[in-house]
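Trainee: This one is upload_13.pdb, PDB, N, CA, C and O atoms.
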ATOM      1  N   ALA A 583      10.286  75.423 -33.741
ATOM      2  CA  ALA A 583       8.928  75.756 -33.344
ATOM      3  C   ALA A 583       8.070  74.505 -33.417
ATOM      4  O   ALA A 583       8.260  73.662 -34.273
ATOM      5  N   LEU A 584       7.153  74.452 -32.522
ATOM      6  CA  LEU A 584       6.245  73.315 -32.438
ATOM      7  C   LEU A 584       4.902  73.734 -33.011
ATOM      8  O   LEU A 584       4.306  74.699 -32.557
ATOM      9  N   ASP A 585       4.431  73.036 -34.039
ATOM     10  CA  ASP A 585       3.168  73.400 -34.656
ATOM     11  C   ASP A 585       1.987  72.612 -34.120
ATOM     12  O   ASP A 585       0.883  73.129 -34.042
ATOM     13  N   LEU A 586       2.204  71.349 -33.750
ATOM     14  CA  LEU A 586       1.114  70.489 -33.315
ATOM     15  C   LEU A 586       1.558  69.646 -32.140
ATOM     16  O   LEU A 586       2.640  69.061 -32.156
ATOM     17  N   MET A 587       0.701  69.575 -31.115
ATOM     18  CA  MET A 587       0.951  68.698 -29.987
ATOM     19  C   MET A 587      -0.354  67.994 -29.656
ATOM     20  O   MET A 587      -1.405  68.627 -29.589
ATOM     21  N   VAL A 588      -0.274  66.686 -29.462
ATOM     22  CA  VAL A 588      -1.428  65.886 -29.057
ATOM     23  C   VAL A 588      -1.171  65.398 -27.639
ATOM     24  O   VAL A 588      -0.110  64.827 -27.356
ATOM     25  N   ILE A 589      -2.142  65.651 -26.758
ATOM     26  CA  ILE A 589      -2.023  65.223 -25.366
ATOM     27  C   ILE A 589      -3.156  64.256 -25.069
ATOM     28  O   ILE A 589      -4.326  64.638 -25.015
ATOM     29  N   ASP A 590      -2.803  62.994 -24.881
ATOM     30  CA  ASP A 590      -3.754  61.929 -24.587
ATOM     31  C   ASP A 590      -3.032  60.952 -23.672
ATOM     32  O   ASP A 590      -2.347  60.045 -24.133
ATOM     33  N   VAL A 591      -3.145  61.181 -22.377
ATOM     34  CA  VAL A 591      -2.385  60.382 -21.417
ATOM     35  C   VAL A 591      -3.287  59.749 -20.351
ATOM     36  O   VAL A 591      -2.884  59.582 -19.204
ATOM     37  N   GLU A 592      -4.499  59.406 -20.764
ATOM     38  CA  GLU A 592      -5.425  58.642 -19.927
ATOM     39  C   GLU A 592      -5.581  59.182 -18.507
ATOM     40  O   GLU A 592      -5.325  58.503 -17.528
ATOM     41  N   GLY A 593      -5.995  60.445 -18.413
ATOM     42  CA  GLY A 593      -6.284  61.036 -17.116
ATOM     43  C   GLY A 593      -5.207  61.959 -16.591
ATOM     44  O   GLY A 593      -5.415  62.652 -15.598
ATOM     45  N   GLY A 594      -4.055  62.004 -17.232
ATOM     46  CA  GLY A 594      -2.960  62.852 -16.775
ATOM     47  C   GLY A 594      -2.834  64.142 -17.568
ATOM     48  O   GLY A 594      -1.810  64.828 -17.485
ATOM     49  N   GLU A 595      -3.858  64.481 -18.321
ATOM     50  CA  GLU A 595      -3.789  65.653 -19.193
ATOM     51  C   GLU A 595      -3.535  66.940 -18.430
ATOM     52  O   GLU A 595      -2.751  67.784 -18.874
ATOM     53  N   GLU A 596      -4.153  67.113 -17.268
ATOM     54  CA  GLU A 596      -3.980  68.356 -16.509
ATOM     55  C   GLU A 596      -2.514  68.585 -16.153
ATOM     56  O   GLU A 596      -2.001  69.710 -16.278
ATOM     57  N   THR A 597      -1.821  67.544 -15.737
ATOM     58  CA  THR A 597      -0.405  67.667 -15.376
ATOM     59  C   THR A 597       0.435  68.068 -16.581
ATOM     60  O   THR A 597       1.297  68.962 -16.480
ATOM     61  N   ILE A 598       0.187  67.449 -17.717
ATOM     62  CA  ILE A 598       0.950  67.765 -18.930
ATOM     63  C   ILE A 598       0.648  69.187 -19.385
ATOM     64  O   ILE A 598       1.556  69.955 -19.728
ATOM     65  N   VAL A 599      -0.627  69.556 -19.394
ATOM     66  CA  VAL A 599      -1.018  70.911 -19.807
ATOM     67  C   VAL A 599      -0.376  71.944 -18.886
ATOM     68  O   VAL A 599       0.172  72.949 -19.352
ATOM     69  N   SER A 600      -0.415  71.700 -17.595
ATOM     70  CA  SER A 600       0.183  72.633 -16.638
ATOM     71  C   SER A 600       1.675  72.813 -16.910
ATOM     72  O   SER A 600       2.177  73.944 -16.934
ATOM     73  N   SER A 601       2.375  71.722 -17.130
ATOM     74  CA  SER A 601       3.813  71.802 -17.424
ATOM     75  C   SER A 601       4.066  72.535 -18.731
ATOM     76  O   SER A 601       4.971  73.364 -18.829
ATOM     77  N   LEU A 602       3.266  72.227 -19.745
ATOM     78  CA  LEU A 602       3.423  72.889 -21.036
ATOM     79  C   LEU A 602       3.239  74.389 -20.915
ATOM     80  O   LEU A 602       4.033  75.173 -21.429
ATOM     81  N   LEU A 603       2.205  74.804 -20.202
ATOM     82  CA  LEU A 603       1.894  76.229 -20.112
ATOM     83  C   LEU A 603       2.881  77.002 -19.245
ATOM     84  O   LEU A 603       2.950  78.221 -19.330
ATOM     85  N   LYS A 604       3.667  76.299 -18.444
ATOM     86  CA  LYS A 604       4.733  76.943 -17.665
ATOM     87  C   LYS A 604       6.007  77.111 -18.493
ATOM     88  O   LYS A 604       6.912  77.839 -18.098
ATOM     89  N   SER A 605       6.055  76.419 -19.626
ATOM     90  CA  SER A 605       7.238  76.485 -20.488
ATOM     91  C   SER A 605       7.082  77.618 -21.508
ATOM     92  O   SER A 605       6.055  78.283 -21.559
ATOM     93  N   GLU A 606       8.103  77.787 -22.317
ATOM     94  CA  GLU A 606       8.062  78.799 -23.365
ATOM     95  C   GLU A 606       7.373  78.283 -24.622
ATOM     96  O   GLU A 606       7.085  79.053 -25.526
ATOM     97  N   TRP A 607       7.137  76.980 -24.705
ATOM     98  CA  TRP A 607       6.523  76.382 -25.884
ATOM     99  C   TRP A 607       5.064  76.778 -25.986
ATOM    100  O   TRP A 607       4.325  76.739 -25.012
ATOM    101  N   ARG A 608       4.666  77.151 -27.150
ATOM    102  CA  ARG A 608       3.257  77.409 -27.435
ATOM    103  C   ARG A 608       2.937  76.805 -28.788
ATOM    104  O   ARG A 608       3.008  77.484 -29.811
ATOM    105  N   PRO A 609       2.647  75.502 -28.816
ATOM    106  CA  PRO A 609       2.274  74.898 -30.090
ATOM    107  C   PRO A 609       1.121  75.671 -30.714
ATOM    108  O   PRO A 609       0.231  76.147 -30.015
ATOM    109  N   ARG A 610       1.162  75.786 -32.025
ATOM    110  CA  ARG A 610       0.086  76.498 -32.716
ATOM    111  C   ARG A 610      -1.240  75.772 -32.538
ATOM    112  O   ARG A 610      -2.276  76.393 -32.373
ATOM    113  N   VAL A 611      -1.201  74.439 -32.564
ATOM    114  CA  VAL A 611      -2.411  73.635 -32.408
ATOM    115  C   VAL A 611      -2.184  72.596 -31.316
ATOM    116  O   VAL A 611      -1.157  71.912 -31.297
ATOM    117  N   LEU A 612      -3.143  72.502 -30.412
ATOM    118  CA  LEU A 612      -3.151  71.474 -29.367
ATOM    119  C   LEU A 612      -4.391  70.613 -29.556
ATOM    120  O   LEU A 612      -5.499  71.144 -29.689
ATOM    121  N   ILE A 613      -4.209  69.310 -29.550
ATOM    122  CA  ILE A 613      -5.339  68.386 -29.524
ATOM    123  C   ILE A 613      -5.252  67.676 -28.180
ATOM    124  O   ILE A 613      -4.250  67.016 -27.890
ATOM    125  N   VAL A 614      -6.274  67.854 -27.365
ATOM    126  CA  VAL A 614      -6.222  67.337 -26.000
ATOM    127  C   VAL A 614      -7.459  66.487 -25.721
ATOM    128  O   VAL A 614      -8.582  66.902 -25.999
ATOM    129  N   GLU A 615      -7.225  65.299 -25.155
ATOM    130  CA  GLU A 615      -8.336  64.464 -24.720
ATOM    131  C   GLU A 615      -8.857  65.028 -23.396
ATOM    132  O   GLU A 615      -8.157  65.006 -22.387
ATOM    133  N   LEU A 616     -10.061  65.561 -23.437
ATOM    134  CA  LEU A 616     -10.696  66.144 -22.257
ATOM    135  C   LEU A 616     -12.104  65.575 -22.136
ATOM    136  O   LEU A 616     -12.888  65.667 -23.079
ATOM    137  N   ILE A 617     -12.414  65.011 -20.972
ATOM    138  CA  ILE A 617     -13.700  64.326 -20.821
ATOM    139  C   ILE A 617     -14.655  65.074 -19.889
ATOM    140  O   ILE A 617     -15.641  64.506 -19.427
ATOM    141  N   ASP A 618     -14.384  66.346 -19.656
ATOM    142  CA  ASP A 618     -15.207  67.099 -18.708
ATOM    143  C   ASP A 618     -16.643  67.287 -19.165
ATOM    144  O   ASP A 618     -17.526  67.517 -18.343
ATOM    145  N   GLN A 619     -16.912  67.151 -20.443
ATOM    146  CA  GLN A 619     -18.261  67.353 -20.960
ATOM    147  C   GLN A 619     -18.903  66.052 -21.442
ATOM    148  O   GLN A 619     -19.937  66.067 -22.094
ATOM    149  N   HIS A 620     -18.302  64.931 -21.090
ATOM    150  CA  HIS A 620     -18.796  63.622 -21.529
ATOM    151  C   HIS A 620     -19.607  62.990 -20.400
ATOM    152  O   HIS A 620     -19.074  62.697 -19.334
ATOM    153  N   GLU A 621     -20.894  62.764 -20.640
ATOM    154  CA  GLU A 621     -21.796  62.233 -19.613
ATOM    155  C   GLU A 621     -21.362  60.872 -19.076
ATOM    156  O   GLU A 621     -21.582  60.564 -17.905
ATOM    157  N   ASP A 622     -20.755  60.045 -19.904
ATOM    158  CA  ASP A 622     -20.339  58.714 -19.455
ATOM    159  C   ASP A 622     -19.300  58.770 -18.334
ATOM    160  O   ASP A 622     -19.118  57.797 -17.607
ATOM    161  N   PHE A 623     -18.613  59.885 -18.211
ATOM    162  CA  PHE A 623     -17.581  60.016 -17.182
ATOM    163  C   PHE A 623     -18.088  60.728 -15.925
ATOM    164  O   PHE A 623     -17.302  61.051 -15.034
ATOM    165  N   SER A 624     -19.384  60.935 -15.829
ATOM    166  CA  SER A 624     -19.943  61.582 -14.634
ATOM    167  C   SER A 624     -19.730  60.723 -13.390
ATOM    168  O   SER A 624     -19.796  61.229 -12.272
ATOM    169  N   ILE A 625     -19.426  59.451 -13.570
ATOM    170  CA  ILE A 625     -19.132  58.576 -12.440
ATOM    171  C   ILE A 625     -17.721  58.815 -11.896
ATOM    172  O   ILE A 625     -17.346  58.251 -10.876
ATOM    173  N   ALA A 626     -16.946  59.648 -12.583
ATOM    174  CA  ALA A 626     -15.575  59.981 -12.167
ATOM    175  C   ALA A 626     -15.448  61.502 -12.064
ATOM    176  O   ALA A 626     -14.774  62.141 -12.868
ATOM    177  N   PRO A 627     -16.104  62.100 -11.051
ATOM    178  CA  PRO A 627     -16.138  63.562 -10.970
ATOM    179  C   PRO A 627     -14.766  64.228 -10.840
ATOM    180  O   PRO A 627     -14.566  65.315 -11.368
ATOM    181  N   GLU A 628     -13.819  63.593 -10.163
ATOM    182  CA  GLU A 628     -12.494  64.215 -10.034
ATOM    183  C   GLU A 628     -11.774  64.234 -11.378
ATOM    184  O   GLU A 628     -11.106  65.205 -11.716
ATOM    185  N   LEU A 629     -11.949  63.185 -12.147
ATOM    186  CA  LEU A 629     -11.359  63.143 -13.482
ATOM    187  C   LEU A 629     -11.983  64.209 -14.380
ATOM    188  O   LEU A 629     -11.283  64.907 -15.112
ATOM    189  N   GLN A 630     -13.285  64.383 -14.273
ATOM    190  CA  GLN A 630     -13.941  65.436 -15.045
ATOM    191  C   GLN A 630     -13.483  66.813 -14.583
ATOM    192  O   GLN A 630     -13.252  67.696 -15.407
ATOM    193  N   SER A 631     -13.327  67.008 -13.289
ATOM    194  CA  SER A 631     -12.851  68.293 -12.770
ATOM    195  C   SER A 631     -11.439  68.592 -13.259
ATOM    196  O   SER A 631     -11.117  69.731 -13.599
ATOM    197  N   SER A 632     -10.605  67.569 -13.296
ATOM    198  CA  SER A 632      -9.239  67.738 -13.781
ATOM    199  C   SER A 632      -9.245  68.169 -15.249
ATOM    200  O   SER A 632      -8.502  69.078 -15.649
ATOM    201  N   SER A 633     -10.098  67.539 -16.044
ATOM    202  CA  SER A 633     -10.213  67.921 -17.457
ATOM    203  C   SER A 633     -10.721  69.348 -17.602
ATOM    204  O   SER A 633     -10.243  70.100 -18.458
ATOM    205  N   ALA A 634     -11.673  69.725 -16.771
ATOM    206  CA  ALA A 634     -12.212  71.092 -16.830
ATOM    207  C   ALA A 634     -11.137  72.115 -16.477
ATOM    208  O   ALA A 634     -11.041  73.165 -17.121
ATOM    209  N   ARG A 635     -10.312  71.798 -15.483
ATOM    210  CA  ARG A 635      -9.222  72.719 -15.116
ATOM    211  C   ARG A 635      -8.213  72.846 -16.251
ATOM    212  O   ARG A 635      -7.726  73.943 -16.544
ATOM    213  N   ALA A 636      -7.899  71.731 -16.897
ATOM    214  CA  ALA A 636      -6.968  71.767 -18.033
ATOM    215  C   ALA A 636      -7.548  72.623 -19.149
ATOM    216  O   ALA A 636      -6.848  73.462 -19.730
ATOM    217  N   ARG A 637      -8.838  72.443 -19.447
ATOM    218  CA  ARG A 637      -9.494  73.232 -20.493
ATOM    219  C   ARG A 637      -9.404  74.724 -20.167
ATOM    220  O   ARG A 637      -9.024  75.538 -21.013
ATOM    221  N   CYS A 638      -9.730  75.087 -18.948
ATOM    222  CA  CYS A 638      -9.688  76.502 -18.540
ATOM    223  C   CYS A 638      -8.275  77.069 -18.635
ATOM    224  O   CYS A 638      -8.095  78.205 -19.079
ATOM    225  N   SER A 639      -7.295  76.298 -18.234
ATOM    226  CA  SER A 639      -5.904  76.760 -18.304
ATOM    227  C   SER A 639      -5.493  77.064 -19.737
ATOM    228  O   SER A 639      -4.826  78.063 -20.006
ATOM    229  N   ILE A 640      -5.887  76.202 -20.657
ATOM    230  CA  ILE A 640      -5.542  76.405 -22.063
ATOM    231  C   ILE A 640      -6.227  77.657 -22.605
ATOM    232  O   ILE A 640      -5.608  78.485 -23.275
ATOM    233  N   LEU A 641      -7.495  77.806 -22.290
ATOM    234  CA  LEU A 641      -8.236  78.984 -22.761
ATOM    235  C   LEU A 641      -7.704  80.268 -22.125
ATOM    236  O   LEU A 641      -7.638  81.307 -22.787
ATOM    237  N   ASP A 642      -7.292  80.189 -20.871
ATOM    238  CA  ASP A 642      -6.800  81.371 -20.157
ATOM    239  C   ASP A 642      -5.527  81.961 -20.754
ATOM    240  O   ASP A 642      -5.251  83.141 -20.561
ATOM    241  N   VAL A 643      -4.730  81.148 -21.453
ATOM    242  CA  VAL A 643      -3.500  81.679 -22.048
ATOM    243  C   VAL A 643      -3.702  82.118 -23.496
ATOM    244  O   VAL A 643      -2.742  82.463 -24.180
ATOM    245  N   GLY A 644      -4.945  82.096 -23.980
ATOM    246  CA  GLY A 644      -5.223  82.671 -25.281
ATOM    247  C   GLY A 644      -5.594  81.715 -26.401
ATOM    248  O   GLY A 644      -5.862  82.147 -27.521
ATOM    249  N   TYR A 645      -5.588  80.424 -26.127
ATOM    250  CA  TYR A 645      -6.020  79.481 -27.157
ATOM    251  C   TYR A 645      -7.532  79.599 -27.343
ATOM    252  O   TYR A 645      -8.261  79.968 -26.430
ATOM    253  N   THR A 646      -7.988  79.283 -28.532
ATOM    254  CA  THR A 646      -9.416  79.224 -28.806
ATOM    255  C   THR A 646      -9.756  77.811 -29.283
ATOM    256  O   THR A 646      -8.886  77.079 -29.758
ATOM    257  N   VAL A 647     -11.019  77.446 -29.144
ATOM    258  CA  VAL A 647     -11.462  76.117 -29.560
ATOM    259  C   VAL A 647     -11.824  76.162 -31.042
ATOM    260  O   VAL A 647     -12.680  76.937 -31.462
ATOM    261  N   ALA A 648     -11.148  75.324 -31.823
ATOM    262  CA  ALA A 648     -11.441  75.216 -33.251
ATOM    263  C   ALA A 648     -12.417  74.081 -33.519
ATOM    264  O   ALA A 648     -13.175  74.124 -34.487
ATOM    265  N   TYR A 649     -12.390  73.059 -32.656
ATOM    266  CA  TYR A 649     -13.261  71.903 -32.811
ATOM    267  C   TYR A 649     -13.317  71.171 -31.484
ATOM    268  O   TYR A 649     -12.323  71.116 -30.760
ATOM    269  N   ALA A 650     -14.463  70.595 -31.175
ATOM    270  CA  ALA A 650     -14.571  69.759 -29.981
ATOM    271  C   ALA A 650     -15.639  68.704 -30.201
ATOM    272  O   ALA A 650     -16.687  68.973 -30.795
ATOM    273  N   ASP A 651     -15.349  67.490 -29.737
ATOM    274  CA  ASP A 651     -16.368  66.465 -29.646
ATOM    275  C   ASP A 651     -16.393  66.013 -28.184
ATOM    276  O   ASP A 651     -15.853  66.706 -27.323
ATOM    277  N   LEU A 652     -16.995  64.897 -27.895
ATOM    278  CA  LEU A 652     -17.121  64.487 -26.493
ATOM    279  C   LEU A 652     -15.800  64.098 -25.849
ATOM    280  O   LEU A 652     -15.689  64.071 -24.630
ATOM    281  N   ILE A 653     -14.796  63.817 -26.637
ATOM    282  CA  ILE A 653     -13.510  63.377 -26.090
ATOM    283  C   ILE A 653     -12.381  64.340 -26.415
ATOM    284  O   ILE A 653     -11.609  64.708 -25.546
ATOM    285  N   ASN A 654     -12.236  64.729 -27.643
ATOM    286  CA  ASN A 654     -11.089  65.538 -28.066
ATOM    287  C   ASN A 654     -11.475  66.980 -28.340
ATOM    288  O   ASN A 654     -12.543  67.258 -28.875
ATOM    289  N   THR A 655     -10.564  67.874 -27.960
ATOM    290  CA  THR A 655     -10.742  69.299 -28.251
ATOM    291  C   THR A 655      -9.500  69.779 -28.991
ATOM    292  O   THR A 655      -8.371  69.473 -28.588
ATOM    293  N   VAL A 656      -9.727  70.505 -30.060
ATOM    294  CA  VAL A 656      -8.639  71.094 -30.841
ATOM    295  C   VAL A 656      -8.594  72.579 -30.502
ATOM    296  O   VAL A 656      -9.564  73.306 -30.723
ATOM    297  N   PHE A 657      -7.481  73.001 -29.941
ATOM    298  CA  PHE A 657      -7.255  74.388 -29.570
ATOM    299  C   PHE A 657      -6.273  75.009 -30.554
ATOM    300  O   PHE A 657      -5.303  74.358 -30.948
ATOM    301  N   VAL A 658      -6.486  76.272 -30.887
ATOM    302  CA  VAL A 658      -5.595  76.984 -31.796
ATOM    303  C   VAL A 658      -5.075  78.225 -31.083
ATOM    304  O   VAL A 658      -5.840  78.953 -30.444
ATOM    305  N   ASN A 659      -3.788  78.444 -31.229
ATOM    306  CA  ASN A 659      -3.140  79.638 -30.682
ATOM    307  C   ASN A 659      -2.980  80.616 -31.834
ATOM    308  O   ASN A 659      -2.145  80.415 -32.706
ATOM    309  N   PRO A 660      -3.802  81.656 -31.848
ATOM    310  CA  PRO A 660      -3.786  82.584 -33.005
ATOM    311  C   PRO A 660      -2.462  83.306 -33.182
ATOM    312  O   PRO A 660      -1.687  83.453 -32.329
TER     313      PRO A 660
END
As structure tokens, what does this structure read like?

Mentor:
Amino acid sequence: ALDLMVIDVEGGEETIVSSLLKSEWRPRVLIVELIDQHEDFSIAPELQSSSARARCSILDVGYTVAYADLINTVFVNP
């Protein structure tokens, strides 16, 4: 069983999250670098959109947010 997974791949988070959620693995805790809510990245709207899609995908399968700052979000699978 996987208890913790950190996803920080400099803009490729959506692809990794999508692959993870198609698998049988459900880490109890996910820490993901997501910049969709960071104002400094408003100059990169597609990158922000990709992060927003990754965030929604994680929440849609039942994870909840335990902590978030401007860069990292900690999701917990109850």

Trainee: Go ahead and fit an axis-aligned box to every listed atom of range 637-652 of chain A plus 8 Å each side, and pass me the centre and edge lengths in Å, one decimal, as JSON.

Mentor:
{"center_x": -9.9, "center_y": 73.6, "center_z": -26.4, "size_x": 30.4, "size_y": 35.1, "size_z": 32.3}

Trainee: Please provide the set of residues having any atom within 8 Å of Glu595 in chain A, restricted to only N, CA, C and O atoms, with same-chain residues fewer than 5 positions apart removed, written as a CSV table (one decimal) with N, CA, C and O atoms, in the frame of the given file.

Mentor:
chain,number,residue,atom,x,y,z
A,589,ILE,N,-2.1,65.7,-26.8
A,589,ILE,CA,-2.0,65.2,-25.4
A,589,ILE,C,-3.2,64.3,-25.1
A,589,ILE,O,-4.3,64.6,-25.0
A,590,ASP,N,-2.8,63.0,-24.9
A,590,ASP,CA,-3.8,61.9,-24.6
A,590,ASP,C,-3.0,61.0,-23.7
A,590,ASP,O,-2.3,60.0,-24.1
A,600,SER,N,-0.4,71.7,-17.6
A,600,SER,CA,0.2,72.6,-16.6
A,600,SER,C,1.7,72.8,-16.9
A,600,SER,O,2.2,73.9,-16.9
A,601,SER,N,2.4,71.7,-17.1
A,601,SER,CA,3.8,71.8,-17.4
A,601,SER,C,4.1,72.5,-18.7
A,601,SER,O,5.0,73.4,-18.8
A,602,LEU,N,3.3,72.2,-19.7
A,602,LEU,CA,3.4,72.9,-21.0
A,602,LEU,C,3.2,74.4,-20.9
A,602,LEU,O,4.0,75.2,-21.4
A,614,VAL,N,-6.3,67.9,-27.4
A,614,VAL,CA,-6.2,67.3,-26.0
A,614,VAL,C,-7.5,66.5,-25.7
A,614,VAL,O,-8.6,66.9,-26.0
A,615,GLU,N,-7.2,65.3,-25.2
A,615,GLU,CA,-8.3,64.5,-24.7
A,615,GLU,C,-8.9,65.0,-23.4
A,615,GLU,O,-8.2,65.0,-22.4
A,616,LEU,N,-10.1,65.6,-23.4
A,616,LEU,CA,-10.7,66.1,-22.3
A,616,LEU,C,-12.1,65.6,-22.1
A,616,LEU,O,-12.9,65.7,-23.1
A,632,SER,N,-10.6,67.6,-13.3
A,632,SER,CA,-9.2,67.7,-13.8
A,632,SER,C,-9.2,68.2,-15.2
A,632,SER,O,-8.5,69.1,-15.6
A,633,SER,N,-10.1,67.5,-16.0
A,633,SER,CA,-10.2,67.9,-17.5
A,633,SER,C,-10.7,69.3,-17.6
A,633,SER,O,-10.2,70.1,-18.5
A,635,ARG,N,-10.3,71.8,-15.5
A,635,ARG,CA,-9.2,72.7,-15.1
A,635,ARG,C,-8.2,72.8,-16.3
A,635,ARG,O,-7.7,73.9,-16.5
A,636,ALA,N,-7.9,71.7,-16.9
A,636,ALA,CA,-7.0,71.8,-18.0
A,636,ALA,C,-7.5,72.6,-19.1
A,636,ALA,O,-6.8,73.5,-19.7
A,637,ARG,N,-8.8,72.4,-19.4
A,637,ARG,CA,-9.5,73.2,-20.5
A,637,ARG,C,-9.4,74.7,-20.2
A,637,ARG,O,-9.0,75.5,-21.0

Trainee: Calculate how many Å separate atom O of Val611 in chain A from atom C of Thr646 in chain A, rounding to one decimal.

Mentor: 10.6 Å

Trainee: Taking the backbone alone, and naming residues the way the document does, which bits of range 585-648 of chain A are strand (DSSP E) by DSSP, as a VMD selection string?

Mentor: chain A and resid 586 to 589 611 to 615 646 to 648

Trainee: For atom C of Tyr649 in chain A and atom N of Leu612 in chain A, determine how far apart the two atoms are, in Å to one decimal place.

Mentor: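 Interatomic distance, atom C of Tyr649 in chain A to atom N of Leu612 in chain A: 10.3 Å.
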
Trainee: May I ask which of the residues A:Ile598, A:Gln619, A:Ile625, A:Cys638 is the closest one to Leu652 in chain A, counting only N, CA, C and O atoms?

Mentor: A:Gln619

Trainee: How many Å separate atom N of Gly594 in chain A from atom C of Pro660 in chain A?

Mentor: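 Computed distance, atom N of Gly594 in chain A to atom C of Pro660 in chain A, equals 26.7 Å.
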
Trainee: Give me the residues near Arg608 in chain A as a list in words, where near means some atom within 10 Å (using only C-alpha atoms) and where sequence neighbours in that chain fewer than 3 positions away do not count.

Mentor: Ala583, Leu584, Asp585, Leu586, Met587, Leu602, Leu603, Lys604, Ser605, Val611, Leu612, Val643, Tyr645, Val658 and Asn659 of chain A

Trainee: Would you mind telling me which residue in A:Glu596, A:Gln630, A:Arg610, A:Ser624 lies nearest to Val656 in chain A when using all atoms listed in the file?

Mentor: A:Arg610

Trainee: As a PyMOL selection string, list the residues of chain A assigned to alpha helix (DSSP H) by DSSP on the backbone atoms of this structure.

Mentor: chain A and resi 595-604+627-642
